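Undergrad: Here it is: the structure, laid out below.
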Amino acid sequence: MTDRRENAIMPVMLTDDIAFVGDRSVSVHALLSDEGIVLLDTGFPGMLEGIGESLEALGLSLSGVRAVIHTHGHIDHYGNTADIIRRTGAATYIGREDADIVTGKRDLSWAKELGLAPAETFQPSFTFSDGDVLTPCGRRIRVLHAPGHTEGTYAFFIETKAGGVPVTAAMHGGVGLNSMSRAFLASHGLPLSLRGDFRCGLRRLAREKVDIVLGNHPQQNDTEGKIGRMGGKENPFIDPSEWGRFLLACETDLDRMLAEEADMEAQK
Ligand SMILES: [Zn+2]
């Protein structure tokens, strides 16, 4: 397994109780509470040592992880979950539509497409559905179904505080279009309607008031650039206009992909 630590991003507290502990390839966030740590996703296989070191740099420990919530069932988001369960006995959560991927029943993890060995599978402790409110370790996380990238991709809305002020942080759990191409959907017997579902989800999510955008991958919200601007008077992660702009950009990307596919089809 490759050591992925050359991708390291400095771990930081984005808010009073949400830490970024992922790397350049994929985000991992830690929600802190008196009852333990809740991880949002567990990264690619091979990232666990780096996640542990990031937690330690913030005075935390991997052994404090009590729960793991997954955005969707791709290998870069559950790559270390089985290992974490073994080490800490953490409870695990995933959207009900993607549960069969992480148990290994359905071959949709993207390991093959990314040229990786499959990640170790696991049996989720809990599955969630649209509108559920999860309360691991006393945290409050509202989940909204946002399918498209996978059938069981969800967005998370997290109540947190920044400088003692209550704010809402949110993450769209998967916006990559690679898994929404006509070719990919057809090859896996998935419905083309997932693209329309994705668009509907983006518009529905845009109605939510969000103060802080969390990236599912750090490029989505310029995690690194913002970390570089931390330490001043303002928290660079707080930007109530970013959520709407981000979702709109996702819809523009979808339109571009659909137009390119239509062009290719017309040239045949
Ligand atoms: Zn994915």
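Just remember, in the structure tokens the first chain shown is A, the second B, etc., residues are 1-based per chain, and ligands are 1-based in the order shown.
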Write out as an MDAnalysis selection string each polymer residue (protein, DNA or RNA) that has an atom no more than 12 Å from ligand 1, with only C-alpha atoms and all ligand atoms counted.
TA: chainID A and resid 25:27 41 43:44 70:79 98 101 108:111 113:114 147:154 172:180 216:217
Undergrad: Write out as a PDB file with C-alpha atoms, in the first residue's frame which residues come within 8 Å of Ser125 in chain A when counting only C-alpha atoms, dropping same-chain ones fewer than 4 positions away.
TA:
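As a result, part21.pdb now contains:
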ATOM      1  CA  ALA A  91     -20.237   2.759  15.142  1.00  0.00           C
ATOM      2  CA  THR A  92     -20.595   3.315  11.385  1.00  0.00           C
ATOM      3  CA  TYR A  93     -23.264   5.074   9.335  1.00  0.00           C
TER       4      TYR A  93
END
Undergrad: So, with only C-alpha atoms as the atoms that count, which of A:Thr88, A:Thr135, A:Ser54, A:Ser187 lies closest to Ile69 in chain A?
TA: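 Selected residue with least distance to Ile69 in chain A: A:Thr135.
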Undergrad: Determine, counting only C-alpha atoms, which protein, DNA and RNA residues have an atom within 9 Å of an atom of Gly163 in chain A; residues of the same chain fewer than 5 positions away are not included. Present the result as a PyMOL selection string.
TA: chain A and resi 15-16+235
Undergrad: Keeping C-alpha atoms for every residue in the selection just given, could you write it to a file as a PDB file, in the first residue's frame?
TA:
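Full text of out20.pdb as output:
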ATOM      1  CA  THR A  15     -14.604  25.825  13.591  1.00  0.00           C
ATOM      2  CA  ASP A  16     -14.598  25.402  17.382  1.00  0.00           C
ATOM      3  CA  ASN A 235     -12.402  32.871   9.757  1.00  0.00           C
TER       4      ASN A 235
END
Undergrad: Write out as a PyMOL selection string each polymer residue whose atoms come within 12 Å of Lys209 in chain A, counting only C-alpha atoms; drop sequence neighbours fewer than 4 positions from it.
TA: chain A and resi 157-159+167-170+204-205+213+239-244
Undergrad: Using C-alpha atoms, can you export the residues from the last selection as a PDB file, in the first residue's frame?
TA:
ATOM      1  CA  PHE A 157     -25.793  19.817   7.689  1.00  0.00           C
ATOM      2  CA  ILE A 158     -23.864  20.201  10.904  1.00  0.00           C
ATOM      3  CA  GLU A 159     -24.568  22.558  13.774  1.00  0.00           C
ATOM      4  CA  VAL A 167     -23.183  28.477  12.547  1.00  0.00           C
ATOM      5  CA  THR A 168     -24.211  25.781  10.089  1.00  0.00           C
ATOM      6  CA  ALA A 169     -21.578  23.864   8.150  1.00  0.00           C
ATOM      7  CA  ALA A 170     -22.621  21.740   5.200  1.00  0.00           C
ATOM      8  CA  ARG A 204     -33.084  21.505  -3.292  1.00  0.00           C
ATOM      9  CA  LEU A 205     -29.886  21.873  -1.281  1.00  0.00           C
ATOM     10  CA  VAL A 213     -18.948  24.903   3.021  1.00  0.00           C
ATOM     11  CA  ASP A 239     -18.868  32.664   3.758  1.00  0.00           C
ATOM     12  CA  PRO A 240     -22.680  32.529   3.589  1.00  0.00           C
ATOM     13  CA  SER A 241     -22.625  33.020  -0.207  1.00  0.00           C
ATOM     14  CA  GLU A 242     -20.321  30.101  -1.009  1.00  0.00           C
ATOM     15  CA  TRP A 243     -22.885  27.269  -0.750  1.00  0.00           C
ATOM     16  CA  GLY A 244     -25.120  28.695  -3.471  1.00  0.00           C
TER      17      GLY A 244
END
Undergrad: Could you jot down the CA of Arg140 in chain A to CA of Val165 in chain A separation for me, Å, one decimal place?
TA: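 Going from CA of Arg140 in chain A over to CA of Val165 in chain A, I get 16.0 Å.
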Undergrad: DSSP on the backbone: which residues in range 14-167 of chain A end up as strand (DSSP E)? Give the answer as a ChimeraX atom specification.
TA: /A:18-20,29-33,36-40,65-69,91-95,126-128,133-134,141-145,154-162,165-167
Undergrad: Neighbours of Pro11 in chain A within 10 Å (only C-alpha atoms; same-chain residues fewer than 5 positions away dropped), as a PyMOL selection string?
TA: chain A and resi 19-23+29+51+53-58+224+227
Undergrad: Set out as a tab-separated table a contact list for range 140-229 of chain A and range 247-252 of chain A with a cut-off of 7 Å, giving each residue of range 140-229 of chain A that qualifies its closest atom pair and distance in Å to one decimal, counting only C-alpha atoms, ordered by chain and rising residue number.
TA:
residue	atom	partner	partner_atom	distance
A:Val175	CA	A:Cys250	CA	6.9
A:Arg199	CA	A:Glu251	CA	6.4
A:Leu202	CA	A:Leu247	CA	5.8
A:Ala206	CA	A:Leu247	CA	6.7
Undergrad: If you keep C-alpha atoms, can you produce a file of those selected residues as a tab-separated table (two decimals), in the first residue's frame?
TA:
chain	number	residue	atom	x	y	z
A	175	VAL	CA	-20.43	15.87	-6.94
A	199	ARG	CA	-29.71	18.36	-10.62
A	202	LEU	CA	-28.47	20.59	-6.14
A	206	ALA	CA	-29.51	25.47	-2.50
Undergrad: Please, what distance in Å, to one decimal, runs between CA of Gln123 in chain A and CA of Asp107 in chain A?
TA: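 So the answer is 15.2 Å.
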Undergrad: Just to confirm, what's the straight-line distance from CA of Leu116 in chain A to CA of Pro45 in chain A in Å (one decimal)?
TA: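 We find that CA of Leu116 in chain A and CA of Pro45 in chain A lie 9.0 Å from each other.
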